[in-house]
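> One file is attached below, run_26.pdb, containing PDB, C-alpha atoms.
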```
ATOM      1  CA  MET Y   1      25.740 -21.072  -1.459
ATOM      2  CA  ASP Y   2      27.950 -19.315  -3.968
ATOM      3  CA  ALA Y   3      26.824 -18.336  -7.415
ATOM      4  CA  ARG Y   4      27.233 -21.106  -9.961
ATOM      5  CA  PHE Y   5      28.647 -18.802 -12.598
ATOM      6  CA  ASN Y   6      29.669 -15.166 -12.830
ATOM      7  CA  LEU Y   7      28.451 -13.704 -16.109
ATOM      8  CA  PHE Y   8      30.587 -10.608 -15.606
ATOM      9  CA  GLU Y   9      33.803 -12.657 -15.492
ATOM     10  CA  ASN Y  10      33.061 -14.453 -18.762
ATOM     11  CA  GLU Y  11      33.823 -12.597 -22.005
ATOM     12  CA  LEU Y  12      30.590 -13.547 -23.759
ATOM     13  CA  GLY Y  13      28.531 -13.146 -20.575
ATOM     14  CA  ASN Y  14      30.007  -9.710 -19.939
ATOM     15  CA  LYS Y  15      29.240  -8.584 -23.513
ATOM     16  CA  PHE Y  16      25.682  -9.804 -23.104
ATOM     17  CA  ALA Y  17      25.290  -8.122 -19.699
ATOM     18  CA  LYS Y  18      26.444  -4.782 -21.123
ATOM     19  CA  ARG Y  19      23.985  -4.959 -24.006
ATOM     20  CA  PHE Y  20      21.238  -6.088 -21.636
ATOM     21  CA  ALA Y  21      21.995  -3.094 -19.401
ATOM     22  CA  ASN Y  22      21.900  -0.781 -22.423
ATOM     23  CA  ALA Y  23      18.376  -1.985 -23.153
ATOM     24  CA  GLY Y  24      17.545  -1.144 -19.547
ATOM     25  CA  MET Y  25      18.929   2.368 -20.009
ATOM     26  CA  VAL Y  26      16.265   3.068 -22.636
ATOM     27  CA  ILE Y  27      13.623   2.292 -20.034
ATOM     28  CA  GLN Y  28      15.413   4.199 -17.254
ATOM     29  CA  GLN Y  29      15.579   7.295 -19.445
ATOM     30  CA  SER Y  30      11.901   7.083 -20.406
ATOM     31  CA  ALA Y  31       9.036   9.142 -19.018
ATOM     32  CA  LEU Y  32       7.869   6.194 -16.887
ATOM     33  CA  PRO Y  33       8.395   7.397 -13.303
ATOM     34  CA  LYS Y  34      11.510   5.942 -11.702
ATOM     35  CA  SER Y  35       9.533   4.936  -8.603
ATOM     36  CA  THR Y  36       7.117   2.953 -10.791
ATOM     37  CA  GLN Y  37      10.058   1.284 -12.526
ATOM     38  CA  GLU Y  38      11.491   0.132  -9.200
ATOM     39  CA  LEU Y  39       8.135  -1.021  -7.814
ATOM     40  CA  VAL Y  40       7.396  -3.051 -10.954
ATOM     41  CA  SER Y  41      10.880  -4.572 -10.942
ATOM     42  CA  LEU Y  42      10.571  -5.425  -7.268
ATOM     43  CA  ARG Y  43       7.155  -7.066  -7.672
ATOM     44  CA  ALA Y  44       8.171  -9.235 -10.626
ATOM     45  CA  SER Y  45      11.335 -10.230  -8.773
ATOM     46  CA  GLN Y  46       9.297 -11.227  -5.717
ATOM     47  CA  ILE Y  47       7.058 -13.440  -7.850
ATOM     48  CA  ASN Y  48      10.066 -15.055  -9.525
ATOM     49  CA  GLY Y  49      11.940 -15.561  -6.249
ATOM     50  CA  CYS Y  50      15.001 -13.661  -7.426
ATOM     51  CA  GLY Y  51      16.888 -12.658  -4.274
ATOM     52  CA  TRP Y  52      19.540 -10.695  -6.185
ATOM     53  CA  CYS Y  53      16.965  -8.552  -8.014
ATOM     54  CA  ILE Y  54      14.810  -8.061  -4.901
ATOM     55  CA  ASP Y  55      17.919  -6.883  -3.057
ATOM     56  CA  MET Y  56      18.976  -4.597  -5.900
ATOM     57  CA  HIS Y  57      15.612  -2.969  -6.578
ATOM     58  CA  THR Y  58      14.750  -2.514  -2.913
ATOM     59  CA  LYS Y  59      18.064  -0.793  -2.248
ATOM     60  CA  GLU Y  60      18.022   1.285  -5.443
ATOM     61  CA  ALA Y  61      14.464   2.425  -4.669
ATOM     62  CA  ALA Y  62      15.396   3.338  -1.092
ATOM     63  CA  ALA Y  63      18.471   5.217  -2.321
ATOM     64  CA  GLY Y  64      16.165   7.086  -4.705
ATOM     65  CA  GLY Y  65      13.972   8.205  -1.808
ATOM     66  CA  GLU Y  66      11.266   5.535  -1.850
ATOM     67  CA  ALA Y  67       9.521   5.148   1.525
ATOM     68  CA  ALA Y  68      10.158   1.931   3.445
ATOM     69  CA  VAL Y  69       6.430   1.399   4.016
ATOM     70  CA  ARG Y  70       5.813   1.267   0.260
ATOM     71  CA  LEU Y  71       8.698  -1.130  -0.316
ATOM     72  CA  ASN Y  72       7.462  -3.341   2.502
ATOM     73  CA  LEU Y  73       3.955  -3.449   1.056
ATOM     74  CA  VAL Y  74       4.731  -4.161  -2.609
ATOM     75  CA  ALA Y  75       4.008  -7.874  -2.157
ATOM     76  CA  ALA Y  76       0.555  -6.982  -0.769
ATOM     77  CA  TRP Y  77      -0.153  -3.926  -2.903
ATOM     78  CA  ARG Y  78      -3.826  -4.843  -3.402
ATOM     79  CA  GLU Y  79      -4.287  -4.776   0.384
ATOM     80  CA  SER Y  80      -2.493  -1.448   0.837
ATOM     81  CA  THR Y  81      -3.395   2.217   0.760
ATOM     82  CA  VAL Y  82       0.031   3.585  -0.184
ATOM     83  CA  PHE Y  83       0.003   3.138  -3.974
ATOM     84  CA  THR Y  84      -1.615   5.424  -6.525
ATOM     85  CA  GLU Y  85      -4.135   4.114  -9.050
ATOM     86  CA  ALA Y  86      -1.456   4.426 -11.737
ATOM     87  CA  GLU Y  87       1.016   2.402  -9.670
ATOM     88  CA  GLN Y  88      -1.659  -0.215  -8.983
ATOM     89  CA  ALA Y  89      -2.279  -0.534 -12.725
ATOM     90  CA  ALA Y  90       1.465  -0.951 -13.342
ATOM     91  CA  LEU Y  91       1.773  -3.533 -10.558
ATOM     92  CA  ALA Y  92      -1.199  -5.485 -11.960
ATOM     93  CA  LEU Y  93       0.451  -5.482 -15.398
ATOM     94  CA  ALA Y  94       3.717  -6.633 -13.839
ATOM     95  CA  GLU Y  95       1.991  -9.519 -12.072
ATOM     96  CA  GLU Y  96      -0.060 -10.655 -15.040
ATOM     97  CA  GLY Y  97       2.868 -10.243 -17.428
ATOM     98  CA  THR Y  98       5.078 -12.264 -15.083
ATOM     99  CA  ARG Y  99       2.569 -15.025 -14.389
ATOM    100  CA  LEU Y 100       1.825 -15.840 -18.026
ATOM    101  CA  ALA Y 101       1.779 -19.576 -17.375
ATOM    102  CA  ASP Y 102      -0.777 -19.110 -14.599
ATOM    103  CA  ALA Y 103      -3.390 -17.309 -16.701
ATOM    104  CA  HIS Y 104      -4.646 -18.483 -20.063
ATOM    105  CA  GLU Y 105      -5.183 -14.949 -21.314
ATOM    106  CA  GLY Y 106      -1.998 -13.339 -20.018
ATOM    107  CA  VAL Y 107      -2.693  -9.682 -19.310
ATOM    108  CA  SER Y 108      -6.425  -9.139 -18.871
ATOM    109  CA  ASP Y 109      -8.393  -6.541 -20.794
ATOM    110  CA  GLU Y 110      -9.324  -4.957 -17.452
ATOM    111  CA  THR Y 111      -5.686  -4.500 -16.473
ATOM    112  CA  TRP Y 112      -4.800  -3.208 -19.930
ATOM    113  CA  ALA Y 113      -7.613  -0.635 -19.710
ATOM    114  CA  ARG Y 114      -6.322   0.527 -16.323
ATOM    115  CA  VAL Y 115      -2.820   0.906 -17.752
ATOM    116  CA  ARG Y 116      -4.172   2.855 -20.775
ATOM    117  CA  LYS Y 117      -6.051   5.173 -18.408
ATOM    118  CA  HIS Y 118      -2.913   6.219 -16.532
ATOM    119  CA  TYR Y 119      -0.023   6.057 -19.005
ATOM    120  CA  ASP Y 120       0.715   7.490 -22.443
ATOM    121  CA  ASP Y 121       2.066   5.403 -25.319
ATOM    122  CA  ASP Y 122       5.732   6.026 -24.518
ATOM    123  CA  GLN Y 123       5.204   5.113 -20.872
ATOM    124  CA  ILE Y 124       3.309   1.972 -21.885
ATOM    125  CA  ALA Y 125       6.127   0.961 -24.228
ATOM    126  CA  ALA Y 126       8.569   1.428 -21.344
ATOM    127  CA  LEU Y 127       6.335  -0.485 -18.941
ATOM    128  CA  VAL Y 128       5.876  -3.455 -21.283
ATOM    129  CA  ALA Y 129       9.615  -3.533 -22.044
ATOM    130  CA  LEU Y 130      10.395  -3.299 -18.320
ATOM    131  CA  VAL Y 131       8.196  -6.271 -17.440
ATOM    132  CA  ALA Y 132       9.891  -8.336 -20.156
ATOM    133  CA  LEU Y 133      13.378  -7.193 -19.162
ATOM    134  CA  ILE Y 134      13.015  -7.762 -15.416
ATOM    135  CA  ASN Y 135      11.615 -11.243 -16.027
ATOM    136  CA  ALA Y 136      14.665 -12.030 -18.182
ATOM    137  CA  ALA Y 137      16.981 -10.601 -15.505
ATOM    138  CA  ASN Y 138      15.260 -12.704 -12.840
ATOM    139  CA  ARG Y 139      15.802 -15.825 -14.870
ATOM    140  CA  LEU Y 140      19.471 -15.066 -15.468
ATOM    141  CA  ALA Y 141      20.114 -14.508 -11.763
ATOM    142  CA  VAL Y 142      18.089 -17.503 -10.571
ATOM    143  CA  ILE Y 143      19.720 -19.881 -13.085
ATOM    144  CA  VAL Y 144      23.241 -18.994 -11.911
ATOM    145  CA  HIS Y 145      22.199 -18.741  -8.238
ATOM    146  CA  GLN Y 146      23.137 -15.080  -7.878
ATOM    147  CA  ARG Y 147      22.070 -14.547  -4.266
ATOM    148  CA  GLY Y 148      20.721 -11.397  -2.660
ATOM    149  CA  GLY Y 149      22.098  -9.622   0.375
ATOM    150  CA  SER Y 150      25.345  -8.044  -0.749
ATOM    151  CA  TYR Y 151      24.081  -5.487  -3.243
ATOM    152  CA  GLU Y 152      24.952  -1.822  -2.722
ATOM    153  CA  PRO Y 153      23.194   0.985  -4.645
ATOM    154  CA  GLY Y 154      25.011   1.743  -7.881
ATOM    155  CA  MET Y 155      26.835  -1.600  -7.884
ATOM    156  CA  PHE Y 156      25.246  -2.871 -11.108
ATOM    157  CA  ALA Y 157      26.068   0.290 -13.043
ATOM    158  CA  ALA Y 158      29.654   0.193 -11.782
ATOM    159  CA  ALA Y 159      30.080  -3.456 -12.819
ATOM    160  CA  LEU Y 160      29.220  -2.583 -16.398
ATOM    161  CA  ASN Y 161      31.796   0.160 -16.789
TER     162      ASN Y 161
END
```
Written as structure tokens, that's how I'd like the structure from this file.

Amino acid sequence: MDARFNLFENELGNKFAKRFANAGMVIQQSALPKSTQELVSLRASQINGCGWCIDMHTKEAAAGGEAAVRLNLVAAWRESTVFTEAEQAALALAEEGTRLADAHEGVSDETWARVRKHYDDDQIAALVALVALINAANRLAVIVHQRGGSYEPGMFAAALN
């Protein structure tokens, strides 16, 4: 199935995509480790069923040196030994922040305490913004049926130039 709509080919959609990407640049340039950014983006995208974003973040992470075993185990991170405590805290925040409708309290106090233990205020700001941004990106891609499979590392950045 082809995408329903190409935001990049529409004047308003392209303007929005560029501004959306600029918001992402703030996070990318933060002190939050790049590997954590990709793992969080991948996990939220898995939950939301966004093939385009799963494809993109898996390939960008691999191009950045992420090990295949870690990428393969993101969906089962609780049952894995390959993630640090800090990464586990970030993945828990990503899941709880993505599944807001599934939990009456949203992000639990336990998860928040784990995040506070491992990240400073700037990293937490980046992490919270990242969870919000990737969930928005997932929704954009799923709504227009942007399918995964054809992404090449660097493609998104090139499309915005």
> Which of these, Y:Leu71, Y:Ala92, Y:Ala141, Y:Cys50, has the shortest distance to Arg114 of chain Y once you count only C-alpha atoms?
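Among the listed residues, the smallest separation from Arg114 of chain Y belongs to Y:Ala92.
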> So how many Å separate atom CA of Leu7 of chain Y and atom CA of Thr36 of chain Y, to one decimal?
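Interatomic distance, atom CA of Leu7 of chain Y to atom CA of Thr36 of chain Y: 27.6 Å.
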> For a quick check of understanding, using all atoms listed in the file, which of Y:Gln46, Y:Leu93, Y:Phe8, Y:Asp122 has the smallest distance to Glu110 of chain Y?
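Going through Y:Gln46, Y:Leu93, Y:Phe8, Y:Asp122 one by one, the smallest distance to Glu110 of chain Y is for Y:Leu93.
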> For Ala136 of chain Y, work out the shell of residues within 12 Å, counting all atoms listed in the file and skipping chain neighbours fewer than 4 positions away, then give it as number ranges by chain.
Y: 17, 20-21, 23-24, 41, 44-45, 48, 50, 53, 97-98, 129-132, 140-143
> Produce a file of the selected residues containing C-alpha atoms, as a short mmCIF file (atom, residue, chain, number, x, y, z; two decimals), in the coordinates of the input.

```cif
data_model
loop_
_atom_site.label_atom_id
_atom_site.label_comp_id
_atom_site.auth_asym_id
_atom_site.auth_seq_id
_atom_site.Cartn_x
_atom_site.Cartn_y
_atom_site.Cartn_z
CA ALA Y 17 25.29 -8.12 -19.70
CA PHE Y 20 21.24 -6.09 -21.64
CA ALA Y 21 22.00 -3.09 -19.40
CA ALA Y 23 18.38 -1.98 -23.15
CA GLY Y 24 17.55 -1.14 -19.55
CA SER Y 41 10.88 -4.57 -10.94
CA ALA Y 44 8.17 -9.24 -10.63
CA SER Y 45 11.34 -10.23 -8.77
CA ASN Y 48 10.07 -15.06 -9.52
CA CYS Y 50 15.00 -13.66 -7.43
CA CYS Y 53 16.96 -8.55 -8.01
CA GLY Y 97 2.87 -10.24 -17.43
CA THR Y 98 5.08 -12.26 -15.08
CA ALA Y 129 9.62 -3.53 -22.04
CA LEU Y 130 10.40 -3.30 -18.32
CA VAL Y 131 8.20 -6.27 -17.44
CA ALA Y 132 9.89 -8.34 -20.16
CA LEU Y 140 19.47 -15.07 -15.47
CA ALA Y 141 20.11 -14.51 -11.76
CA VAL Y 142 18.09 -17.50 -10.57
CA ILE Y 143 19.72 -19.88 -13.08
#
```
> Using all atoms listed in the file, can you tell me which of Y:Leu100, Y:Ala158, Y:Ala61, Y:Leu12 comes closest to Val40 of chain Y?
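Counting all atoms listed in the file, the residue closest to Val40 of chain Y is Y:Ala61.
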> Distance cut-off 7 Å, centre (18.6, -9.8, 0.1) in file coordinates, counting all atoms listed in the file: which residues qualify? Return them as number ranges by chain.
Y: 51-52, 54-55, 148-149
> Give the answer as one residue: which of Y:Pro33, Y:Pro153, Y:Gly13, Y:Gly49 has the shortest atom-to-atom distance to Ala90 of chain Y, using all atoms listed in the file?
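So, comparing all the options, the nearest one is Y:Pro33.
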> Which residue, Y:Glu85, Y:Glu60, Y:Glu38, Y:Glu66, has the smallest gap to Tyr151 of chain Y when you use all atoms listed in the file?
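Under the stated criterion, the closest residue is Y:Glu60.
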> Which neighbours of Thr111 of chain Y fall inside 12 Å, counting only C-alpha atoms, when residues of the same chain fewer than 5 positions from it are skipped, and could you give them as a count of residues only?
18
> How many Å separate atom CA of His57 of chain Y from atom CA of Asp109 of chain Y?
28.1 Å
> May I ask which of the residues Y:Leu42, Y:Ile47, Y:Val82, Y:Ala76 is the closest one to Asp102 of chain Y, counting only C-alpha atoms?
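Closest residue, counting only C-alpha atoms: Y:Ile47.
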> Work out how far apart atom CA of Met155 of chain Y and atom CA of Thr84 of chain Y are and give it in Å to one decimal.
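Value for the atom CA of Met155 of chain Y-atom CA of Thr84 of chain Y distance: 29.3 Å.
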